[in-house]
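*Asks:* Okay, here's the structure, questions in a sec.
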Amino acid sequence: MDTICVQSAQSSPSFVCACVSYRQDSGMAMWRVRDFHDDDLDAVIRLWDDPNAGDSEPVFTLSELVAAVRSNEPAVVATVGDEVVACAVAELDKDRAWLLRLSLSPDWRHRGIGSALLSGLEERMLAAGVQRISCLLSSGSEVGSEALEHQGYRSRSGVVFFEKLERVAPTDRGLLGQLGGRLLRPDLWDSLRGMAREKELIEQRVVLPLAYPEMAARAGLLPPRAIVLFGPPGTGKTTFAKAVASRLSWPFVELFPSRLAGESPAGLAAALREAFTQVSELDTVVLFIDEVEEIASLRGQSASSTTQGVTNEMLKLIPTFRERDGRLLVCATNSVRALDAAFLRHGRFDYVIPVGPPDAEARSAIWDRYLAEVPHEGLDLGAIVSRSEMLTPADIEFAARRAAQVVFERSVAGEPDAAATTEVVLECIATTRPTLTPRMIEEFEGDIEEYARL
Ligand SMILES: Nc1ncnc2c1ncn2[C@@H]1O[C@H](COP(=O)(O)OP(=O)(O)OP(=O)(O)O)[C@@H](O)[C@H]1O
Ligand SMILES: [Mg+2]
């Protein structure tokens, strides 16, 4: 947003008593300027909400305005009878003051009220030792600029207004720390290589409706609140969950059932309830539970009544979690068939998404990413990709690290131009035990048939 910065430098601050000014309007109505009282807050908020009463794209927010008046920063209102028709609020910062808002009801413009409000406010600011008063207005904002000019404020050309919004509200920061949550790097989504099918699906079904809720609402689409990711180990389920949080710029909180169980003497079910309650206080969050089969296993087959109690607790917690916007529960499992059928049903989880072994294209992209960091020469990527058919992304990352180790050892041994060759990488693949087995892949394909919901 372009802004006009107007300011007034007070060369010799003179102390003027805060006073009430009365004026006879030409229409015979009497208005007066006085200090803001707590009772005026509703009227001031109403004026804020009226797009014709002030800057419609204000730089300062309503909560900043409310915080200022609550902490007795200088604020004045103009009244006609009992009605508040205008207000001006400032905030002091040593000998500088920022004019946060000048609102004037459209019915009362061009009667000198704006100028009178400003001088009333200035009296209070000068009394507090202010030397310089500044005001940021959107370019084109009429309300305010007239009064400011009348009062001797000058607009400064060539000023560009920069701002950076902290992504986590201050009130959420402490809680996020307690929950071990954090904001993730913004580039995680892009660092996920290959897996084009999964990426596209998760982007369309999950990321975009959450990122553009108004557009989703116009299309009659309810953004998802909870999803399950399933697939063999190391295929990128956790990485996808983090990448979604990073794309949305929402904090990422992971719950570890094994840790929670130890934290509460009342047991895992109580600890889960407590954790969900705490999480519900965050403005926005991606809540991640890995190996969710530990807490939502098949009730008929679970080992003990304690496990059943935990599963029942999870079944109760999810509907409450779903009630609010700005949150997504992501549960991941290697063993979707071990999950309780009631847990997976519609209404609890919006999508049950397979994250499978990387195909040749994905393996090529993943090798490319991890080998880019290793000095190499003349690599035959085709040979590397076809030899790594049963490797997961995690295995590829591991094998690439082995190649880096070989290069490092050769450098230490005095080979200044040591680099990974195709032979080196193939050797590293040969010594990396693949996570995937033909049986696992077969089971995974069966699970897609039976459980996937996209
Ligand atoms: N598409 C990808 N591109 C690059 N690296 C990837 C990709 N997917 C996963 N990785 C890397 O592989 C490793 C394992 O991924 P991740 O932990 O997400 O797998 P997982 O499916 O959650 O495994 P588990 O089932 O064991 O929990 C991570 O270090 C991650 O960075
Ligand atoms: Mg994981």
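We label chains A, B, ... in the order they appear in the structure tokens, count residues from 1 in each chain, and number ligands from 1 in the order shown.
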Taking a cut-off of 8 Å and counting only C-alpha atoms and all ligand atoms, can you build a table that, for each residue of chain A near ligand 2, reports the nearest atom pair and how far apart they are in Å (one decimal), sorted by chain then residue number, as JSON lines?
*Replies:*
```
{"residue": "A:Pro233", "atom": "CA", "partner": "ligand 2", "partner_atom_place_in_ligand_line": "1 (Mg)", "distance": 7.1}
{"residue": "A:Gly234", "atom": "CA", "partner": "ligand 2", "partner_atom_place_in_ligand_line": "1 (Mg)", "distance": 6.8}
{"residue": "A:Gly236", "atom": "CA", "partner": "ligand 2", "partner_atom_place_in_ligand_line": "1 (Mg)", "distance": 6.8}
{"residue": "A:Lys237", "atom": "CA", "partner": "ligand 2", "partner_atom_place_in_ligand_line": "1 (Mg)", "distance": 5.4}
{"residue": "A:Thr238", "atom": "CA", "partner": "ligand 2", "partner_atom_place_in_ligand_line": "1 (Mg)", "distance": 4.1}
{"residue": "A:Thr239", "atom": "CA", "partner": "ligand 2", "partner_atom_place_in_ligand_line": "1 (Mg)", "distance": 7.2}
{"residue": "A:Asp290", "atom": "CA", "partner": "ligand 2", "partner_atom_place_in_ligand_line": "1 (Mg)", "distance": 5.8}
{"residue": "A:Glu291", "atom": "CA", "partner": "ligand 2", "partner_atom_place_in_ligand_line": "1 (Mg)", "distance": 7.3}
{"residue": "A:Ala332", "atom": "CA", "partner": "ligand 2", "partner_atom_place_in_ligand_line": "1 (Mg)", "distance": 6.8}
{"residue": "A:Thr333", "atom": "CA", "partner": "ligand 2", "partner_atom_place_in_ligand_line": "1 (Mg)", "distance": 7.7}
```
*Asks:* Using C-alpha atoms, can you write the selected residues to a file as a PDB file, in the first residue's frame?
*Replies:*
```
ATOM      1  CA  PRO A 233       8.719 -45.803   5.959  1.00  0.00           C
ATOM      2  CA  GLY A 234      10.887 -43.010   4.609  1.00  0.00           C
ATOM      3  CA  GLY A 236       8.200 -38.467   2.932  1.00  0.00           C
ATOM      4  CA  LYS A 237       5.039 -38.361   5.057  1.00  0.00           C
ATOM      5  CA  THR A 238       6.577 -36.238   7.804  1.00  0.00           C
ATOM      6  CA  THR A 239       8.292 -34.103   5.196  1.00  0.00           C
ATOM      7  CA  ASP A 290       3.306 -39.645  13.444  1.00  0.00           C
ATOM      8  CA  GLU A 291       2.792 -43.381  13.867  1.00  0.00           C
ATOM      9  CA  ALA A 332       0.790 -40.370   9.472  1.00  0.00           C
ATOM     10  CA  THR A 333       1.141 -44.112   9.538  1.00  0.00           C
TER      11      THR A 333
END
```
*Asks:* All residues within 9 Å of ligand 1 are required, counting only C-alpha atoms and all ligand atoms; please report them as an mmCIF file with C-alpha atoms, in the first residue's frame.
*Replies:*
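And here's out.cif as it stands now:
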```
data_model
loop_
_atom_site.group_PDB
_atom_site.id
_atom_site.type_symbol
_atom_site.label_atom_id
_atom_site.label_comp_id
_atom_site.auth_asym_id
_atom_site.auth_seq_id
_atom_site.Cartn_x
_atom_site.Cartn_y
_atom_site.Cartn_z
ATOM 1 C CA ASP A 190 10.143 -26.503 -2.983
ATOM 2 C CA SER A 191 12.841 -28.675 -1.430
ATOM 3 C CA LEU A 192 10.504 -31.693 -1.737
ATOM 4 C CA ARG A 193 11.653 -33.186 -5.038
ATOM 5 C CA GLY A 194 9.766 -35.406 -7.470
ATOM 6 C CA MET A 195 6.618 -37.003 -5.978
ATOM 7 C CA ALA A 196 4.695 -34.890 -8.488
ATOM 8 C CA LYS A 199 2.502 -32.924 -4.417
ATOM 9 C CA LEU A 229 -0.932 -39.812 5.111
ATOM 10 C CA PHE A 230 0.004 -43.465 4.779
ATOM 11 C CA GLY A 231 2.818 -45.317 3.096
ATOM 12 C CA PRO A 232 6.029 -47.277 3.681
ATOM 13 C CA PRO A 233 8.719 -45.803 5.959
ATOM 14 C CA GLY A 234 10.887 -43.010 4.609
ATOM 15 C CA THR A 235 8.651 -42.034 1.706
ATOM 16 C CA GLY A 236 8.200 -38.467 2.932
ATOM 17 C CA LYS A 237 5.039 -38.361 5.057
ATOM 18 C CA THR A 238 6.577 -36.238 7.804
ATOM 19 C CA THR A 239 8.292 -34.103 5.196
ATOM 20 C CA PHE A 240 4.954 -33.489 3.440
ATOM 21 C CA ALA A 241 3.269 -32.504 6.717
ATOM 22 C CA LYS A 242 6.035 -29.984 7.400
ATOM 23 C CA ASP A 290 3.306 -39.645 13.444
ATOM 24 C CA GLU A 291 2.792 -43.381 13.867
ATOM 25 C CA ALA A 332 0.790 -40.370 9.472
ATOM 26 C CA THR A 333 1.141 -44.112 9.538
ATOM 27 C CA ASN A 334 3.108 -46.937 7.935
ATOM 28 C CA VAL A 355 2.568 -41.364 -0.068
ATOM 29 C CA GLY A 356 4.312 -44.089 -1.989
ATOM 30 C CA PRO A 358 9.293 -42.645 -5.636
ATOM 31 C CA ALA A 362 10.996 -38.756 -8.584
ATOM 32 C CA ARG A 363 14.178 -40.729 -7.798
ATOM 33 C CA ALA A 365 14.836 -35.451 -8.911
ATOM 34 C CA ILE A 366 15.740 -36.626 -5.395
ATOM 35 C CA TRP A 367 19.213 -37.825 -6.455
ATOM 36 C CA ARG A 369 18.908 -32.657 -5.045
ATOM 37 C CA TYR A 370 21.173 -34.644 -2.748
ATOM 38 C CA THR A 392 12.929 -44.507 -0.568
ATOM 39 C CA PRO A 393 13.778 -40.790 -0.524
ATOM 40 C CA ALA A 394 15.279 -41.385 2.917
ATOM 41 C CA ASP A 395 17.489 -44.185 1.502
ATOM 42 C CA ILE A 396 18.609 -41.957 -1.380
ATOM 43 C CA GLU A 397 19.494 -39.198 1.052
ATOM 44 C CA PHE A 398 21.493 -41.714 3.071
#
```
*Asks:* Mind running segment 293-395 of chain A against segment 244-267 of chain A at 12 Å and telling me each contacting residue's nearest atom pair with the distance in Å (one decimal), counting only C-alpha atoms, chain and number ascending, as CSV?
*Replies:*
```
residue,atom,partner,partner_atom,distance
A:Glu293,CA,A:Pro257,CA,10.3
A:Glu294,CA,A:Pro257,CA,7.5
A:Ile295,CA,A:Pro257,CA,7.2
A:Ala296,CA,A:Pro257,CA,10.7
A:Thr306,CA,A:Gly267,CA,8.7
A:Thr307,CA,A:Gly267,CA,10.4
A:Gly309,CA,A:Gly267,CA,10.0
A:Val310,CA,A:Gly267,CA,8.9
A:Thr311,CA,A:Pro257,CA,11.7
A:Glu313,CA,A:Gly267,CA,11.5
A:Met314,CA,A:Pro257,CA,11.4
A:Gly326,CA,A:Trp250,CA,8.4
A:Arg327,CA,A:Trp250,CA,8.4
A:Leu328,CA,A:Ala245,CA,8.9
A:Leu329,CA,A:Val253,CA,9.7
A:Val330,CA,A:Glu254,CA,9.4
A:Cys331,CA,A:Glu254,CA,9.9
A:Ala332,CA,A:Glu254,CA,11.1
```
*Asks:* Since we have the selection now, will you write its residues out, keeping N, CA and C atoms, as a PDB file, in the first residue's frame?
*Replies:*
```
ATOM      1  N   GLU A 293      -0.982 -45.121  14.476  1.00  0.00           N
ATOM      2  CA  GLU A 293      -1.551 -46.441  14.841  1.00  0.00           C
ATOM      3  C   GLU A 293      -1.304 -46.744  16.321  1.00  0.00           C
ATOM      4  N   GLU A 294      -0.282 -46.067  16.908  1.00  0.00           N
ATOM      5  CA  GLU A 294      -0.033 -46.286  18.337  1.00  0.00           C
ATOM      6  C   GLU A 294      -1.195 -45.812  19.199  1.00  0.00           C
ATOM      7  N   ILE A 295      -1.927 -44.811  18.709  1.00  0.00           N
ATOM      8  CA  ILE A 295      -3.014 -44.289  19.546  1.00  0.00           C
ATOM      9  C   ILE A 295      -4.397 -44.499  18.935  1.00  0.00           C
ATOM     10  N   ALA A 296      -4.457 -45.078  17.759  1.00  0.00           N
ATOM     11  CA  ALA A 296      -5.775 -45.312  17.162  1.00  0.00           C
ATOM     12  C   ALA A 296      -5.812 -46.673  16.502  1.00  0.00           C
ATOM     13  N   THR A 306      -6.446 -50.066  27.982  1.00  0.00           N
ATOM     14  CA  THR A 306      -5.839 -48.720  28.006  1.00  0.00           C
ATOM     15  C   THR A 306      -5.747 -48.192  26.580  1.00  0.00           C
ATOM     16  N   THR A 307      -5.296 -49.060  25.656  1.00  0.00           N
ATOM     17  CA  THR A 307      -5.176 -48.641  24.261  1.00  0.00           C
ATOM     18  C   THR A 307      -6.557 -48.275  23.717  1.00  0.00           C
ATOM     19  N   GLY A 309      -9.028 -47.130  25.390  1.00  0.00           N
ATOM     20  CA  GLY A 309      -9.398 -45.837  25.987  1.00  0.00           C
ATOM     21  C   GLY A 309      -8.765 -44.684  25.217  1.00  0.00           C
ATOM     22  N   VAL A 310      -7.516 -44.879  24.802  1.00  0.00           N
ATOM     23  CA  VAL A 310      -6.798 -43.828  24.060  1.00  0.00           C
ATOM     24  C   VAL A 310      -7.455 -43.621  22.694  1.00  0.00           C
ATOM     25  N   THR A 311      -7.781 -44.730  22.036  1.00  0.00           N
ATOM     26  CA  THR A 311      -8.439 -44.623  20.725  1.00  0.00           C
ATOM     27  C   THR A 311      -9.771 -43.889  20.876  1.00  0.00           C
ATOM     28  N   GLU A 313     -10.573 -41.742  23.103  1.00  0.00           N
ATOM     29  CA  GLU A 313     -10.304 -40.327  23.385  1.00  0.00           C
ATOM     30  C   GLU A 313     -10.010 -39.582  22.081  1.00  0.00           C
ATOM     31  N   MET A 314      -9.186 -40.198  21.222  1.00  0.00           N
ATOM     32  CA  MET A 314      -8.869 -39.567  19.933  1.00  0.00           C
ATOM     33  C   MET A 314     -10.138 -39.361  19.113  1.00  0.00           C
ATOM     34  N   GLY A 326      -8.448 -22.429  10.508  1.00  0.00           N
ATOM     35  CA  GLY A 326      -7.042 -22.128  10.784  1.00  0.00           C
ATOM     36  C   GLY A 326      -6.277 -23.283  11.401  1.00  0.00           C
ATOM     37  N   ARG A 327      -6.776 -24.502  11.258  1.00  0.00           N
ATOM     38  CA  ARG A 327      -6.040 -25.629  11.821  1.00  0.00           C
ATOM     39  C   ARG A 327      -6.185 -26.870  10.946  1.00  0.00           C
ATOM     40  N   LEU A 328      -5.131 -27.644  10.958  1.00  0.00           N
ATOM     41  CA  LEU A 328      -5.142 -28.885  10.183  1.00  0.00           C
ATOM     42  C   LEU A 328      -4.446 -29.965  11.006  1.00  0.00           C
ATOM     43  N   LEU A 329      -5.132 -31.097  11.150  1.00  0.00           N
ATOM     44  CA  LEU A 329      -4.524 -32.254  11.818  1.00  0.00           C
ATOM     45  C   LEU A 329      -3.995 -33.183  10.732  1.00  0.00           C
ATOM     46  N   VAL A 330      -2.709 -33.530  10.830  1.00  0.00           N
ATOM     47  CA  VAL A 330      -2.136 -34.487   9.885  1.00  0.00           C
ATOM     48  C   VAL A 330      -1.656 -35.690  10.688  1.00  0.00           C
ATOM     49  N   CYS A 331      -2.226 -36.865  10.388  1.00  0.00           N
ATOM     50  CA  CYS A 331      -1.786 -38.085  11.050  1.00  0.00           C
ATOM     51  C   CYS A 331      -1.065 -38.933  10.017  1.00  0.00           C
ATOM     52  N   ALA A 332       0.045 -39.539  10.419  1.00  0.00           N
ATOM     53  CA  ALA A 332       0.790 -40.370   9.472  1.00  0.00           C
ATOM     54  C   ALA A 332       0.943 -41.769  10.025  1.00  0.00           C
TER      55      ALA A 332
END
```
*Asks:* So which residues of segment 86-295 of chain A fall under alpha helix (DSSP H) by DSSP, listed as an MDAnalysis selection string?
*Replies:* chainID A and resid 113:127 145:150 170:178 188:191 196:202 208:211 213:218 237:248 257:263 268:279
*Asks:* If you count only C-alpha atoms, which residues fall within 10 Å of segment 72-85 of chain A, apart from same-chain ones fewer than 2 positions away, as a PyMOL selection string?
*Replies:* chain A and resi 20-22+29-38+40-44+46-47+53+65+67-70+87-92+97+99-109+113-114+116-125+128
*Asks:* Which of segment 189-233 of chain A counts as strand (DSSP E) under DSSP, as a list of chain:residue names please?
*Replies:*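 Strand (DSSP E) members of segment 189-233 of chain A, listed: A:Ala226, A:Ile227, A:Val228, A:Leu229, A:Phe230.
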*Asks:* Only N, CA and C atoms, please: the residues just picked out, written as a PDB file, in the first residue's frame.
*Replies:*
```
ATOM      1  N   ALA A 226      -8.624 -32.346   8.661  1.00  0.00           N
ATOM      2  CA  ALA A 226      -7.794 -33.462   9.115  1.00  0.00           C
ATOM      3  C   ALA A 226      -7.529 -34.396   7.951  1.00  0.00           C
ATOM      4  N   ILE A 227      -6.276 -34.852   7.845  1.00  0.00           N
ATOM      5  CA  ILE A 227      -5.939 -35.809   6.785  1.00  0.00           C
ATOM      6  C   ILE A 227      -5.043 -36.909   7.369  1.00  0.00           C
ATOM      7  N   VAL A 228      -5.058 -38.052   6.677  1.00  0.00           N
ATOM      8  CA  VAL A 228      -4.127 -39.126   7.038  1.00  0.00           C
ATOM      9  C   VAL A 228      -3.188 -39.313   5.858  1.00  0.00           C
ATOM     10  N   LEU A 229      -1.900 -39.441   6.139  1.00  0.00           N
ATOM     11  CA  LEU A 229      -0.932 -39.812   5.111  1.00  0.00           C
ATOM     12  C   LEU A 229      -0.448 -41.216   5.446  1.00  0.00           C
ATOM     13  N   PHE A 230      -0.504 -42.127   4.480  1.00  0.00           N
ATOM     14  CA  PHE A 230       0.004 -43.465   4.779  1.00  0.00           C
ATOM     15  C   PHE A 230       0.947 -43.924   3.684  1.00  0.00           C
TER      16      PHE A 230
END
```
*Asks:* Of the candidates A:Ile384, A:Met215, A:Ala399, A:Ala127, which shows the shortest atom-to-atom distance to Ser364 of chain A, using only C-alpha atoms?
*Replies:*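 Looking only at the distances to Ser364 of chain A, the closest residue turns out to be A:Ile384.
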*Asks:* Give the answer as one residue: which of A:Thr320, A:Trp48, A:Trp189, A:Ser71 has the shortest atom-to-atom distance to Ile202 of chain A, using only C-alpha atoms?
*Replies:*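 Among the listed residues, A:Trp189 lies closest to Ile202 of chain A.
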*Asks:* Find the residue from A:Ser134, A:Thr435, A:Ser335, A:Ser141 that sits nearest to Asn52 of chain A; use only C-alpha atoms when measuring.
*Replies:*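 Of the candidates, the smallest distance to Asn52 of chain A is held by A:Ser141.
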*Asks:* Counting only C-alpha atoms, which residue out of A:Arg132, A:Gly144, A:Arg182, A:Ala383 sits closest to Ala86 of chain A?
*Replies:*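 Ranking A:Arg132, A:Gly144, A:Arg182, A:Ala383 by distance to Ala86 of chain A, first place goes to A:Gly144.
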*Asks:* Identify which of the residues A:Ala419, A:Leu317, A:Cys428, A:Leu137 lies closest to Thr277 of chain A, counting only C-alpha atoms when measuring atom-to-atom distances.
*Replies:*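 Looking at the shortest contact to Thr277 of chain A, the residue is A:Leu317.
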*Asks:* For atom CA of Phe288 of chain A and atom CA of Gln178 of chain A, quote the distance in Å rounded to one decimal.
*Replies:*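 Between atom CA of Phe288 of chain A and atom CA of Gln178 of chain A the gap works out to 15.6 Å.
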*Asks:* Ranking A:Arg273, A:Lys164, A:Arg197, A:Arg439 by minimum distance to Met390 of chain A and counting only C-alpha atoms, which one comes first?
*Replies:* A:Arg439
*Asks:* Report, in Å with one decimal, the straight-line distance from atom CA of Glu415 of chain A to atom CA of Ala372 of chain A.
*Replies:*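 These atoms are spaced 19.9 Å apart.
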*Asks:* To one decimal place in Å, what is the distance between atom CA of Asp447 of chain A and atom CA of Val352 of chain A?
*Replies:*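 Distance reported for this atom pair: 10.6 Å.
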*Asks:* Name the residues in contact with Val406 of chain A at a cut-off of 8 Å, using only C-alpha atoms, excluding same-chain residues fewer than 4 positions from it; report them as an NGL selection string.
*Replies:* :A and (402 or 410 or 420 or 424)
*Asks:* Would you kindly return, as an mmCIF file with N, CA and C atoms, in the first residue's frame, each protein, DNA or RNA residue with an atom no farther than 10 Å from any atom of Arg453 of chain A, considering only C-alpha atoms and excluding same-chain residues fewer than 4 positions away?
*Replies:*
```cif
data_model
loop_
_atom_site.group_PDB
_atom_site.id
_atom_site.type_symbol
_atom_site.label_atom_id
_atom_site.label_comp_id
_atom_site.auth_asym_id
_atom_site.auth_seq_id
_atom_site.Cartn_x
_atom_site.Cartn_y
_atom_site.Cartn_z
ATOM 1 N N ILE A 227 -6.276 -34.852 7.845
ATOM 2 C CA ILE A 227 -5.939 -35.809 6.785
ATOM 3 C C ILE A 227 -5.043 -36.909 7.369
ATOM 4 N N VAL A 228 -5.058 -38.052 6.677
ATOM 5 C CA VAL A 228 -4.127 -39.126 7.038
ATOM 6 C C VAL A 228 -3.188 -39.313 5.858
ATOM 7 N N LEU A 344 -10.895 -43.715 10.818
ATOM 8 C CA LEU A 344 -10.643 -43.264 9.445
ATOM 9 C C LEU A 344 -11.868 -42.713 8.725
ATOM 10 N N ARG A 345 -13.035 -42.884 9.327
ATOM 11 C CA ARG A 345 -14.225 -42.646 8.504
ATOM 12 C C ARG A 345 -14.417 -41.169 8.124
ATOM 13 N N HIS A 346 -15.297 -40.982 7.120
ATOM 14 C CA HIS A 346 -15.668 -39.632 6.673
ATOM 15 C C HIS A 346 -16.117 -38.833 7.880
ATOM 16 N N PHE A 349 -11.698 -37.662 9.069
ATOM 17 C CA PHE A 349 -10.615 -37.292 8.161
ATOM 18 C C PHE A 349 -11.183 -37.000 6.780
ATOM 19 N N ASP A 350 -10.770 -35.878 6.234
ATOM 20 C CA ASP A 350 -11.289 -35.483 4.921
ATOM 21 C C ASP A 350 -10.647 -36.314 3.814
ATOM 22 N N TYR A 351 -9.350 -36.570 3.959
ATOM 23 C CA TYR A 351 -8.650 -37.345 2.929
ATOM 24 C C TYR A 351 -7.715 -38.357 3.580
ATOM 25 N N VAL A 352 -7.598 -39.505 2.913
ATOM 26 C CA VAL A 352 -6.634 -40.524 3.349
ATOM 27 C C VAL A 352 -5.713 -40.719 2.147
ATOM 28 N N ILE A 353 -4.504 -40.174 2.272
ATOM 29 C CA ILE A 353 -3.659 -39.985 1.074
ATOM 30 C C ILE A 353 -2.428 -40.896 1.113
ATOM 31 N N PRO A 354 -2.244 -41.706 0.046
ATOM 32 C CA PRO A 354 -1.037 -42.539 0.020
ATOM 33 C C PRO A 354 0.198 -41.729 -0.374
ATOM 34 N N ILE A 448 -3.894 -48.969 -0.903
ATOM 35 C CA ILE A 448 -4.437 -47.844 -1.693
ATOM 36 C C ILE A 448 -5.862 -48.200 -2.136
ATOM 37 N N GLU A 449 -5.995 -49.440 -2.653
ATOM 38 C CA GLU A 449 -7.326 -49.901 -3.090
ATOM 39 C C GLU A 449 -8.336 -49.784 -1.966
#
```
